[in-house]
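> One structure, pasted below without further comment.
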Amino acid sequence: MTDTLSPATTGATGRRAPSAGNLLPIIGVVVAAVAVVLPILVDDFAFNYLMSYTVITCILALTMHLLMGLAGVFSLGQAAMFGAGAYAAVVIIGQTGIDGTLGLFLVAAVGAVIGILMGLVTLRTTDLYLALTTLAFGYIVENLVRNSDWLGGPQGITGFDITFAGSYLDEPKLLYWVGLGFLYLLIVIIMSVRRSKVGRALMATRESPIAARSIGIDTRRYKLLAFGVAGAFAAVAGGLYTAYALVVDPSVFGIDLTLSVLAIAIVGGLRSMPGIIVVAIVLTYFRNSAETFGASQYVLLIYGLLIVLTLRFLPQGLGGLLTSPRVLAATRSIRARFHGGTQ
Amino acid sequence: METFVQLIAAGLVTGTIYALIAAGYAVLYTATGFVNFALGAQAMIGGYLTYVFLPELPLIVRVLLAIVVSILVSVASWAFFYRQVAEKDMLSAVIMSFGFSIVMAEFVRIIAGGIPLPAESPFGSGVQQIGILSISNHSMAVLVVGIVLFAALALVFRSRGGMSIRAMFQDKEMAETLGIPTNRVVIGLFALSGVFAAAAGILTGPILSMSPHMGTSLALIAFVGAILGGLGRISTAIIGAIMLGLLETLFAGYVSQDYRTTLVFAVFILVLIVRPAGVFGSKTKVKV
Amino acid sequence: MIRSRKFAITALAVLGVTALAGCAQPADTGDGGDGDKATFKFAVVAEETGNYAGYGTQLVAGVKAAVKDINAAGDYNFTLEPVIYDCQSDQAICVQKTRQAITSDELPVVMGPIVSVNIVPSAEVTNRAGVPHLVMAVLPALTADYDNTFRWGTQNDRSNQTVVDYVEANLKPGEDVAIVNATTDFGKGGAVIQTEQLADIGVTPALTIGHDPDQADYTPVITQLKELNPRYVLLSDSNPADVAKLLRQAKELGLESEWIGADASGSIDLAGAAAIGYKTVSPWYPTEEANSASLAEKLQAQGIEIPGWIAAMAYDATLGLAEAVATGGTTSEEIWSGLEGLSDFDGLARGDWDFSKDHMGLKSSTIATWNGTGYESVWPN
Amino acid sequence: MTVILEARGLTRKFGGLTAVDNADITVDEHALHGLIGPNGAGKTTFVNMITGVDSIDGGTVTFEGKDVTGLRSFHMASLGMARSFQTSQLFEEESVLSNVMAGRHRHIDYGFPHTFFYTPKTSRVERANRERCMALLEQLNLADDAKRLVAELPYGRRRLVEMARAIASEPSLLVLDEPAAGLPGSDVEALGETLVSLSKNGYTVLIIEHNIGLLMSICDGLTVLSEGRVIADGVPSVVRADPQVIEAYIGRSDDA
């Protein structure tokens, strides 16, 4: 019945304009490949560990991008997912002895369940209240773990080994590569999702839930999906962290972690994956070597200032600068083309 | 019986401190829809000014200074930061206030160090025995100052000025057409919330000891209290905060000390899901 | 093509790690050495900034005071040089700094950090690398689980044994003992140990109360204690503000029990008058006694107002480390055996260090009562 | 003619106020049906109940022969009931094309693996989808604006985008809430033509307006709502002559 309105004959509009831009994906792949061989180029034990920690931070920060930037769900519950993943990894891989090749995916499953559970509890609220209920969720999980003897109570658990494909993950290069693998997996998923049906559904949910529902999008279901995926990857980040820190204790649920990742996401730009990754790398490196610059006393002050100043003067974050030429051109054309119409 | 009386008194004192911050939240929220989480940090700064930074000045000067600085911080942060952001995106402004509380806490930590510092109560360390209840002078002062401030707040809001504030809550544009200078009123309200924050800091110092990050948890728990009663009205926010203090203390006294945190935040989530407008809140939708 | 550009930028961002490569230099070093002598460098990982800066700065002050004295005396054929890493009270950074110290910077021995969430992963790192590790923290698991740790200070079980010995000597029939602990690793660990040790002398605590840290009010704890009115309240809580709150509210509500607890640095100061009569258990006090007073002075010269046991133990640990290097050698293995060879070693804080039997240098602590101006030693008498 | 939508006795109360009182409406397939009434007559509430945006206090809704009373709006939409809103609800920070492509949500069907990993299948489906949407935009004269952000467009174009998004979902019933509101006269005319051409192409349209002139000229059937009640229902010529309608609606000086 819609034949006349939707002929598939005007295919010309869908063609790709040839441009130098086609080189960029190739550059991207090359850079991503170099990141893989990086620990061989810079062969320093401690530095390789720092790289693996950076990758863990990137994964966690991108889960914030997924939830806040894509789905528009302002969740501060990352620590609960991260911590759940950390404990799950220690129990599943460290204590039960299931190898990480399977174990880390089980950890991801635990994280997805926690994420969806958190979504089910908190999605009845919105905006600020959602931010605070997710935060509260984290406090509750921390309090319960602190009082649970079988998870080691306040002292946590030590003396375990996280293995991957039969090797111990206390080898920093291996830890880095496993982390990088999950990071790339997450990047691929985010990039694919953004260009597909689910990405548009998340966009619609974020921009106007009423309109989203009017075109058949079950907004709640897509928010839960975002919680699930974010939970899975945050949990993997937590699991990898236990291989990095060699212990797990209730401090993995700490609010400090949430705040520093929030700072990264805000400064990088909630909507911008490259912005977040750049800022995650820079801030992690900065914090680790702050004492070299004599700045360790000021690290948290700087984080706080970055949050305040970014929100005030650069609401889209550094990543927003990437799109700003487009935005500027757009505002110019509004001025040029906007003639009447409203009144 | 003695235990019960003792717990009730302690709950009231804790609740009153929460309520001072909660009143600050509600004063701002009812007029602007903004929740200023930096009030906890302002309280902390008020405490440091009163007890730590300037021990050589007379007490009354220190107290006044604490109040004035808290007012200035409140008003300036609104005028130069929150307002511009809140116009576009309220949630960003709220997150910004979190950022501000980190900045203030770290600023104080760099100046005064992270170690908790003593704060000597202006009311001495005496303890009064009233029947079976023993209560410190300071605790009594907390209750008295709380009652005085809440009564003063009620008077302000019953006056003509208060009417205009309530009109603003109903409809900002309408208020402007009626000739109520909303900008000046909002600045006045931020100043008022600053007074309450400073009072909370001055009264809390001798109980908690002074430490740079003391404001963060205070701000969160007071918010839970305000939500419990209903953030949409000042009276319900205050009552909710006092209720939370009582609930927490009675739970800790009769059920469990270990799971106090779980209780507080479970109550928070439950209230938001079941009755988002608070236990005493009207059914009007609370929006942020 | 915005999409491709974003991909490239993403990939660039991932690579950004390279741009920042170039390993961090070892941090601030202490006093330099004399020209003709060899320099012995050792790692000190400490919470100099952040939430636990109060402990970390004590550790660093103790080390610096000792290094100054050792280098000035010139008794050894090397000068000491601490390489101090600030781990910002953050677990991830404490682990990272420990790794950097023993791998990239090739230091043979590590001291610190203090707080257990930071030192346990740090000990895990040194243990896997076979590097000796000097610790001050009180967690018994540290020496039990990690054979490379050398404890300079008293661990929780030793301190608590001292407390239980005191209780055994003083408790009269019909009197009760109660335990109050924070639900932290220190508090909970202490309560478990105390319960076991009390059982050995046939005492069952009539009441054990755990509490979340950082509460605004502890009336519920005090009212429960008041109903029982025990002779002794054994307190396991390392949060100075919480200890102060408990002591103050106990006094306000008229609880007459005697409190015995660890020396949570600063709690006495915070509690004010309410601390009078509080008994602390600690390996060292800044008392009037000659050695103690002179050590306190040295530590204050390093910029800490109220010297605590951590600084004092760090001072002795540094003396002991120098001695171990002099007798053993400068590699990790040699320092390890050098430390194990220390017996009847006299420090300035304590005179009876002995590592020849196990890695726990001290066998007991001291209990002292705060009288409002100073400490009076009450046990062992 | 088959009936596509039938609502019987719909009632909605807000506190003590009855916004819609026992109202009926019947829409035939392929018809262009108008719902008119003065401001505050309860038109939007009525339509919100039919489309699942608002809850129903009484009555039933039947859509394509199925009882859909009380289903949530996304569920209604996935059954083929698309709508626009009185105050436009667009994805402001997105391009026109992306807005319209979102409208095709219910027709795109590849599993999660193809969503999470952009496979050749995903690429194929997405390209076909994009082409369809571009063709639609061309027909609505929106093709030149395809890459622009919605927020940059003038008001009239935005209303058109919202309609395009609804049409993209190939609905069996298209509900438009005051599409002419705020449009200048020339645009209203063009809108009328678009609606007629939609109807000719086989769409069923339910259009809500208080601009009675527009609807009189193009609609096949009209339902008139006043103070929450249906006061007239039938072909335009009959409705126009109804004394109740004249009194309640045309009698008042509403600018038609």
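FYI, nothing fancy with the structure tokens labels: chains A, B, ... in order, residues from 1 per chain, ligands from 1 as they appear.
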List the spatial neighbours of B:Phe157 as a PDB file with all heavy atoms, in the first residue's frame - criterion: any atom at most 12 Å away, only C-alpha atoms, same-chain residues fewer than 2 positions off excluded.


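Output file part37.pdb follows:
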ATOM      1  N   VAL B  27      14.723  24.715  50.377  1.00  0.00           N
ATOM      2  CA  VAL B  27      14.592  26.143  50.094  1.00  0.00           C
ATOM      3  C   VAL B  27      14.944  26.413  48.625  1.00  0.00           C
ATOM      4  O   VAL B  27      14.246  27.148  47.923  1.00  0.00           O
ATOM      5  CB  VAL B  27      15.518  26.949  51.035  1.00  0.00           C
ATOM      6  CG1 VAL B  27      15.786  28.333  50.481  1.00  0.00           C
ATOM      7  CG2 VAL B  27      14.915  27.036  52.417  1.00  0.00           C
ATOM      8  N   THR B  30      12.445  24.095  45.977  1.00  0.00           N
ATOM      9  CA  THR B  30      11.074  24.529  45.749  1.00  0.00           C
ATOM     10  C   THR B  30      11.018  25.709  44.785  1.00  0.00           C
ATOM     11  O   THR B  30      10.061  25.863  44.042  1.00  0.00           O
ATOM     12  CB  THR B  30      10.388  24.925  47.067  1.00  0.00           C
ATOM     13  OG1 THR B  30      11.250  25.822  47.750  1.00  0.00           O
ATOM     14  CG2 THR B  30      10.110  23.727  47.925  1.00  0.00           C
ATOM     15  N   PHE B 150      14.365  26.764  62.360  1.00  0.00           N
ATOM     16  CA  PHE B 150      13.208  26.275  61.609  1.00  0.00           C
ATOM     17  C   PHE B 150      12.012  27.200  61.813  1.00  0.00           C
ATOM     18  O   PHE B 150      11.254  27.474  60.887  1.00  0.00           O
ATOM     19  CB  PHE B 150      12.847  24.838  62.009  1.00  0.00           C
ATOM     20  CG  PHE B 150      13.938  23.851  61.693  1.00  0.00           C
ATOM     21  CD1 PHE B 150      14.204  22.774  62.531  1.00  0.00           C
ATOM     22  CD2 PHE B 150      14.720  24.007  60.547  1.00  0.00           C
ATOM     23  CE1 PHE B 150      15.221  21.874  62.235  1.00  0.00           C
ATOM     24  CE2 PHE B 150      15.732  23.110  60.251  1.00  0.00           C
ATOM     25  CZ  PHE B 150      15.991  22.043  61.097  1.00  0.00           C
ATOM     26  N   ALA B 151      11.868  27.720  63.052  1.00  0.00           N
ATOM     27  CA  ALA B 151      10.766  28.650  63.326  1.00  0.00           C
ATOM     28  C   ALA B 151      10.959  29.928  62.511  1.00  0.00           C
ATOM     29  O   ALA B 151      10.015  30.450  61.920  1.00  0.00           O
ATOM     30  CB  ALA B 151      10.703  28.969  64.819  1.00  0.00           C
ATOM     31  N   ALA B 152      12.204  30.409  62.471  1.00  0.00           N
ATOM     32  CA  ALA B 152      12.488  31.622  61.710  1.00  0.00           C
ATOM     33  C   ALA B 152      12.151  31.407  60.238  1.00  0.00           C
ATOM     34  O   ALA B 152      11.570  32.269  59.579  1.00  0.00           O
ATOM     35  CB  ALA B 152      13.950  32.011  61.874  1.00  0.00           C
ATOM     36  N   LEU B 153      12.499  30.222  59.753  1.00  0.00           N
ATOM     37  CA  LEU B 153      12.226  29.899  58.350  1.00  0.00           C
ATOM     38  C   LEU B 153      10.726  29.927  58.074  1.00  0.00           C
ATOM     39  O   LEU B 153      10.265  30.470  57.071  1.00  0.00           O
ATOM     40  CB  LEU B 153      12.794  28.511  58.043  1.00  0.00           C
ATOM     41  CG  LEU B 153      12.891  28.094  56.585  1.00  0.00           C
ATOM     42  CD1 LEU B 153      13.819  29.027  55.833  1.00  0.00           C
ATOM     43  CD2 LEU B 153      13.407  26.666  56.484  1.00  0.00           C
ATOM     44  N   ALA B 154       9.969  29.363  59.027  1.00  0.00           N
ATOM     45  CA  ALA B 154       8.514  29.335  58.872  1.00  0.00           C
ATOM     46  C   ALA B 154       7.980  30.766  58.825  1.00  0.00           C
ATOM     47  O   ALA B 154       7.120  31.093  58.010  1.00  0.00           O
ATOM     48  CB  ALA B 154       7.880  28.569  60.030  1.00  0.00           C
ATOM     49  N   LEU B 155       8.525  31.648  59.702  1.00  0.00           N
ATOM     50  CA  LEU B 155       8.070  33.037  59.720  1.00  0.00           C
ATOM     51  C   LEU B 155       8.356  33.718  58.382  1.00  0.00           C
ATOM     52  O   LEU B 155       7.505  34.401  57.826  1.00  0.00           O
ATOM     53  CB  LEU B 155       8.760  33.805  60.852  1.00  0.00           C
ATOM     54  CG  LEU B 155       8.198  33.529  62.247  1.00  0.00           C
ATOM     55  CD1 LEU B 155       8.980  34.293  63.297  1.00  0.00           C
ATOM     56  CD2 LEU B 155       6.715  33.909  62.287  1.00  0.00           C
ATOM     57  N   SER B 159       5.511  35.315  55.619  1.00  0.00           N
ATOM     58  CA  SER B 159       5.456  36.746  55.347  1.00  0.00           C
ATOM     59  C   SER B 159       5.106  36.993  53.884  1.00  0.00           C
ATOM     60  O   SER B 159       4.934  36.055  53.107  1.00  0.00           O
ATOM     61  CB  SER B 159       6.800  37.385  55.657  1.00  0.00           C
ATOM     62  OG  SER B 159       7.734  36.936  54.701  1.00  0.00           O
ATOM     63  N   ARG B 160       5.032  38.267  53.508  1.00  0.00           N
ATOM     64  CA  ARG B 160       4.703  38.561  52.120  1.00  0.00           C
ATOM     65  C   ARG B 160       5.792  38.089  51.174  1.00  0.00           C
ATOM     66  O   ARG B 160       5.513  37.621  50.079  1.00  0.00           O
ATOM     67  CB  ARG B 160       4.440  40.055  51.954  1.00  0.00           C
ATOM     68  CG  ARG B 160       2.949  40.345  51.876  1.00  0.00           C
ATOM     69  CD  ARG B 160       2.698  41.817  51.620  1.00  0.00           C
ATOM     70  NE  ARG B 160       3.323  42.297  50.406  1.00  0.00           N
ATOM     71  CZ  ARG B 160       3.630  43.581  50.195  1.00  0.00           C
ATOM     72  NH1 ARG B 160       3.402  44.467  51.124  1.00  0.00           N
ATOM     73  NH2 ARG B 160       4.172  43.946  49.057  1.00  0.00           N
ATOM     74  N   GLY B 161       7.027  38.247  51.623  1.00  0.00           N
ATOM     75  CA  GLY B 161       8.137  37.764  50.803  1.00  0.00           C
ATOM     76  C   GLY B 161       7.987  36.276  50.537  1.00  0.00           C
ATOM     77  O   GLY B 161       8.189  35.800  49.433  1.00  0.00           O
ATOM     78  N   GLY B 162       7.561  35.567  51.581  1.00  0.00           N
ATOM     79  CA  GLY B 162       7.395  34.130  51.457  1.00  0.00           C
ATOM     80  C   GLY B 162       6.328  33.763  50.441  1.00  0.00           C
ATOM     81  O   GLY B 162       6.468  32.811  49.679  1.00  0.00           O
ATOM     82  N   MET B 163       5.277  34.588  50.424  1.00  0.00           N
ATOM     83  CA  MET B 163       4.222  34.341  49.443  1.00  0.00           C
ATOM     84  C   MET B 163       4.790  34.392  48.033  1.00  0.00           C
ATOM     85  O   MET B 163       4.461  33.562  47.189  1.00  0.00           O
ATOM     86  CB  MET B 163       3.124  35.416  49.565  1.00  0.00           C
ATOM     87  CG  MET B 163       2.468  35.487  50.909  1.00  0.00           C
ATOM     88  SD  MET B 163       1.512  34.023  51.244  1.00  0.00           S
ATOM     89  CE  MET B 163      -0.111  34.668  50.864  1.00  0.00           C
ATOM     90  N   SER B 164       5.639  35.385  47.806  1.00  0.00           N
ATOM     91  CA  SER B 164       6.161  35.519  46.448  1.00  0.00           C
ATOM     92  C   SER B 164       7.041  34.334  46.095  1.00  0.00           C
ATOM     93  O   SER B 164       7.072  33.889  44.951  1.00  0.00           O
ATOM     94  CB  SER B 164       6.935  36.826  46.299  1.00  0.00           C
ATOM     95  OG  SER B 164       8.055  36.809  47.141  1.00  0.00           O
ATOM     96  N   ILE B 165       7.742  33.800  47.092  1.00  0.00           N
ATOM     97  CA  ILE B 165       8.565  32.620  46.810  1.00  0.00           C
ATOM     98  C   ILE B 165       7.674  31.455  46.422  1.00  0.00           C
ATOM     99  O   ILE B 165       7.939  30.729  45.473  1.00  0.00           O
ATOM    100  CB  ILE B 165       9.422  32.262  48.039  1.00  0.00           C
ATOM    101  CG1 ILE B 165      10.386  33.394  48.338  1.00  0.00           C
ATOM    102  CG2 ILE B 165      10.180  30.969  47.793  1.00  0.00           C
ATOM    103  CD1 ILE B 165      11.037  33.307  49.680  1.00  0.00           C
ATOM    104  N   ARG B 166       6.570  31.318  47.176  1.00  0.00           N
ATOM    105  CA  ARG B 166       5.687  30.204  46.843  1.00  0.00           C
ATOM    106  C   ARG B 166       5.056  30.399  45.472  1.00  0.00           C
ATOM    107  O   ARG B 166       4.878  29.464  44.710  1.00  0.00           O
ATOM    108  CB  ARG B 166       4.626  30.030  47.925  1.00  0.00           C
ATOM    109  CG  ARG B 166       5.101  29.023  48.968  1.00  0.00           C
ATOM    110  CD  ARG B 166       4.043  28.761  49.991  1.00  0.00           C
ATOM    111  NE  ARG B 166       3.924  29.898  50.900  1.00  0.00           N
ATOM    112  CZ  ARG B 166       2.929  30.047  51.748  1.00  0.00           C
ATOM    113  NH1 ARG B 166       1.967  29.163  51.787  1.00  0.00           N
ATOM    114  NH2 ARG B 166       2.882  31.077  52.554  1.00  0.00           N
ATOM    115  N   ALA B 167       4.754  31.659  45.161  1.00  0.00           N
ATOM    116  CA  ALA B 167       4.207  31.945  43.833  1.00  0.00           C
ATOM    117  C   ALA B 167       5.212  31.521  42.766  1.00  0.00           C
ATOM    118  O   ALA B 167       4.856  30.953  41.737  1.00  0.00           O
ATOM    119  CB  ALA B 167       3.904  33.430  43.702  1.00  0.00           C
ATOM    120  N   LEU B 189      17.448  33.255  48.339  1.00  0.00           N
ATOM    121  CA  LEU B 189      17.267  31.874  48.800  1.00  0.00           C
ATOM    122  C   LEU B 189      18.613  31.156  48.901  1.00  0.00           C
ATOM    123  O   LEU B 189      18.845  30.373  49.825  1.00  0.00           O
ATOM    124  CB  LEU B 189      16.336  31.117  47.856  1.00  0.00           C
ATOM    125  CG  LEU B 189      14.891  31.615  47.852  1.00  0.00           C
ATOM    126  CD1 LEU B 189      14.070  30.848  46.837  1.00  0.00           C
ATOM    127  CD2 LEU B 189      14.283  31.483  49.235  1.00  0.00           C
ATOM    128  N   LEU B 192      20.108  32.211  52.016  1.00  0.00           N
ATOM    129  CA  LEU B 192      19.435  31.536  53.122  1.00  0.00           C
ATOM    130  C   LEU B 192      19.962  30.106  53.289  1.00  0.00           C
ATOM    131  O   LEU B 192      20.268  29.655  54.398  1.00  0.00           O
ATOM    132  CB  LEU B 192      17.930  31.522  52.842  1.00  0.00           C
ATOM    133  CG  LEU B 192      17.002  31.164  53.991  1.00  0.00           C
ATOM    134  CD1 LEU B 192      17.174  32.163  55.118  1.00  0.00           C
ATOM    135  CD2 LEU B 192      15.551  31.188  53.502  1.00  0.00           C
ATOM    136  N   ARG B 233       8.334  20.302  49.619  1.00  0.00           N
ATOM    137  CA  ARG B 233       7.983  21.342  50.586  1.00  0.00           C
ATOM    138  C   ARG B 233       9.034  21.400  51.675  1.00  0.00           C
ATOM    139  O   ARG B 233       9.615  20.391  52.063  1.00  0.00           O
ATOM    140  CB  ARG B 233       6.608  21.031  51.194  1.00  0.00           C
ATOM    141  CG  ARG B 233       5.497  21.782  50.455  1.00  0.00           C
ATOM    142  CD  ARG B 233       4.145  21.229  50.748  1.00  0.00           C
ATOM    143  NE  ARG B 233       3.874  21.110  52.177  1.00  0.00           N
ATOM    144  CZ  ARG B 233       2.926  20.312  52.656  1.00  0.00           C
ATOM    145  NH1 ARG B 233       2.214  19.581  51.839  1.00  0.00           N
ATOM    146  NH2 ARG B 233       2.719  20.254  53.945  1.00  0.00           N
ATOM    147  N   ILE B 234       9.280  22.604  52.170  1.00  0.00           N
ATOM    148  CA  ILE B 234      10.341  22.765  53.158  1.00  0.00           C
ATOM    149  C   ILE B 234      10.009  22.003  54.435  1.00  0.00           C
ATOM    150  O   ILE B 234      10.853  21.298  54.993  1.00  0.00           O
ATOM    151  CB  ILE B 234      10.559  24.265  53.442  1.00  0.00           C
ATOM    152  CG1 ILE B 234      11.070  24.936  52.163  1.00  0.00           C
ATOM    153  CG2 ILE B 234      11.558  24.462  54.570  1.00  0.00           C
ATOM    154  CD1 ILE B 234      11.085  26.429  52.218  1.00  0.00           C
ATOM    155  N   SER B 235       8.744  22.091  54.866  1.00  0.00           N
ATOM    156  CA  SER B 235       8.386  21.441  56.127  1.00  0.00           C
ATOM    157  C   SER B 235       8.558  19.927  56.034  1.00  0.00           C
ATOM    158  O   SER B 235       9.119  19.303  56.947  1.00  0.00           O
ATOM    159  CB  SER B 235       6.944  21.792  56.491  1.00  0.00           C
ATOM    160  OG  SER B 235       6.093  21.446  55.410  1.00  0.00           O
TER     161      SER B 235
END

> From a backbone DSSP assignment, name each residue in stretch 80-189 of chain C labelled strand (DSSP E or B), as a compact mmCIF listing (two decimals) with N, CA and C atoms, in the first residue's frame.


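Output (selection_38.txt):
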# COMPACT_ATOMS: atom_id res chain seq x y z
N LEU C 80 72.83 6.12 53.09
CA LEU C 80 71.46 5.66 52.82
C LEU C 80 70.72 6.70 52.00
N GLU C 81 69.93 6.22 51.09
CA GLU C 81 69.10 7.16 50.34
C GLU C 81 67.72 6.55 50.10
N PRO C 82 66.69 7.06 50.79
CA PRO C 82 65.34 6.54 50.54
C PRO C 82 64.78 7.10 49.24
N VAL C 83 64.20 6.24 48.43
CA VAL C 83 63.47 6.72 47.26
C VAL C 83 62.00 6.66 47.62
N ILE C 84 61.39 7.83 47.76
CA ILE C 84 60.04 7.88 48.33
C ILE C 84 59.01 8.00 47.21
N TYR C 85 58.05 7.09 47.24
CA TYR C 85 56.97 7.10 46.25
C TYR C 85 55.68 7.47 46.96
N ASP C 86 55.04 8.53 46.50
CA ASP C 86 53.75 8.90 47.07
C ASP C 86 52.66 8.11 46.36
N VAL C 110 61.70 -2.87 50.06
CA VAL C 110 60.59 -1.91 50.10
C VAL C 110 60.11 -1.72 51.54
N MET C 111 59.76 -0.49 51.88
CA MET C 111 59.13 -0.21 53.17
C MET C 111 57.78 0.47 52.90
N HIS C 133 60.39 -7.00 52.48
CA HIS C 133 59.44 -5.91 52.62
C HIS C 133 59.30 -5.55 54.10
N LEU C 134 59.64 -4.34 54.47
CA LEU C 134 59.53 -3.89 55.86
C LEU C 134 58.17 -3.27 56.08
N VAL C 135 57.42 -3.81 57.03
CA VAL C 135 56.04 -3.34 57.23
C VAL C 135 55.84 -2.85 58.66
N THR C 149 57.86 -10.54 54.39
CA THR C 149 57.61 -9.32 55.18
C THR C 149 58.32 -9.40 56.53
N PHE C 150 58.86 -8.28 56.94
CA PHE C 150 59.49 -8.15 58.25
C PHE C 150 58.75 -7.08 59.01
N ARG C 151 58.23 -7.48 60.16
CA ARG C 151 57.31 -6.59 60.85
C ARG C 151 58.03 -5.70 61.86
N VAL C 177 33.51 -8.34 80.24
CA VAL C 177 34.29 -7.69 79.20
C VAL C 177 33.42 -7.57 77.96
N ALA C 178 33.43 -6.40 77.31
CA ALA C 178 32.71 -6.22 76.05
C ALA C 178 33.70 -5.84 74.95
N ILE C 179 33.34 -6.20 73.72
CA ILE C 179 34.19 -5.84 72.59
C ILE C 179 33.41 -4.91 71.68
N VAL C 180 34.04 -3.81 71.28
CA VAL C 180 33.44 -2.91 70.30
C VAL C 180 34.41 -2.81 69.13
N ASN C 181 33.91 -3.05 67.93
CA ASN C 181 34.83 -2.97 66.79
C ASN C 181 34.18 -2.29 65.59
N ALA C 182 35.01 -1.63 64.80
CA ALA C 182 34.53 -1.10 63.53
C ALA C 182 34.49 -2.26 62.55

> For B:Leu91, list every protein, DNA or RNA residue within 7 Å, evaluated using only C-alpha atoms, and leave out those in the same chain fewer than 2 positions away; present the list as a ChimeraX atom specification.

/A:127-128 /B:89,93-95

> May I have the selected residues written with all heavy atoms, as a compact mmCIF listing (two decimals), in the first residue's frame?


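The new file again_39.txt reads:
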# COMPACT_ATOMS: atom_id res chain seq x y z
N ASP A 127 16.66 10.79 35.76
CA ASP A 127 17.60 11.89 35.94
C ASP A 127 18.35 11.85 37.27
O ASP A 127 19.00 10.89 37.59
CB ASP A 127 16.90 13.23 35.75
CG ASP A 127 16.42 13.40 34.32
OD1 ASP A 127 16.94 12.68 33.45
OD2 ASP A 127 15.54 14.21 34.09
N LEU A 128 18.20 12.94 38.04
CA LEU A 128 18.95 13.05 39.29
C LEU A 128 18.65 11.87 40.21
O LEU A 128 19.55 11.30 40.82
CB LEU A 128 18.58 14.35 40.00
CG LEU A 128 19.08 14.47 41.43
CD1 LEU A 128 20.60 14.50 41.46
CD2 LEU A 128 18.52 15.69 42.12
N ASP B 89 20.54 22.58 31.44
CA ASP B 89 20.43 21.19 31.85
C ASP B 89 20.59 21.09 33.37
O ASP B 89 21.69 21.23 33.90
CB ASP B 89 21.52 20.37 31.13
CG ASP B 89 21.45 18.91 31.51
OD1 ASP B 89 20.49 18.51 32.20
OD2 ASP B 89 22.36 18.16 31.13
N ALA B 93 23.93 20.73 36.27
CA ALA B 93 24.19 21.66 37.36
C ALA B 93 24.33 20.90 38.67
O ALA B 93 25.18 21.23 39.51
CB ALA B 93 23.07 22.69 37.45
N VAL B 94 23.50 19.86 38.85
CA VAL B 94 23.57 19.09 40.09
C VAL B 94 24.91 18.34 40.17
O VAL B 94 25.57 18.34 41.21
CB VAL B 94 22.39 18.11 40.19
CG1 VAL B 94 22.53 17.25 41.43
CG2 VAL B 94 21.07 18.87 40.23
N ILE B 95 25.31 17.73 39.04
CA ILE B 95 26.59 17.03 39.02
C ILE B 95 27.73 18.02 39.29
O ILE B 95 28.70 17.73 39.97
CB ILE B 95 26.80 16.35 37.64
CG1 ILE B 95 25.73 15.30 37.39
CG2 ILE B 95 28.19 15.72 37.56
CD1 ILE B 95 25.73 14.14 38.33

> Can you check which parts of chain A lie within 7 Å of chain C? Per residue, the shortest pair of atoms and distance in Å to one decimal, counting only C-alpha atoms, sorted by chain and number, as a tab-separated table.


residue	atom	partner	partner_atom	distance
A:Gly21	CA	C:Met1	CA	5.7
A:Leu24	CA	C:Ala8	CA	5.5
A:Pro25	CA	C:Ser4	CA	5.3
A:Ile27	CA	C:Ala8	CA	6.0
A:Gly28	CA	C:Ala8	CA	3.8
A:Val29	CA	C:Ala11	CA	6.9
A:Val31	CA	C:Ala11	CA	5.4
A:Ala32	CA	C:Ala11	CA	5.0
A:Val34	CA	C:Leu15	CA	6.9
A:Ala35	CA	C:Leu15	CA	5.0
A:Asp44	CA	C:Ser104	CA	6.6
A:Phe45	CA	C:Thr103	CA	6.4
A:Ala46	CA	C:Gln100	CA	4.9
A:Phe47	CA	C:Cys23	CA	6.4
A:Leu50	CA	C:Gln96	CA	7.0
A:Pro154	CA	C:Asp185	CA	4.7
A:Gln155	CA	C:Asp185	CA	4.6
A:Ala245	CA	C:Pro121	CA	5.9
A:Leu246	CA	C:Pro121	CA	5.8
A:Val247	CA	C:Pro121	CA	5.7
A:Met273	CA	C:Thr10	CA	6.7
A:Pro274	CA	C:Thr10	CA	4.3
A:Ile277	CA	C:Ala13	CA	5.8
A:Val278	CA	C:Ala13	CA	4.9
A:Ile281	CA	C:Val17	CA	6.6
A:Asn288	CA	C:Ile93	CA	6.4
A:Ser289	CA	C:Ala24	CA	6.2
A:Glu291	CA	C:Ala27	CA	6.6
A:Thr292	CA	C:Ala27	CA	6.0
A:Ser296	CA	C:Gln88	CA	6.7
A:Gln297	CA	C:Thr49	CA	5.6
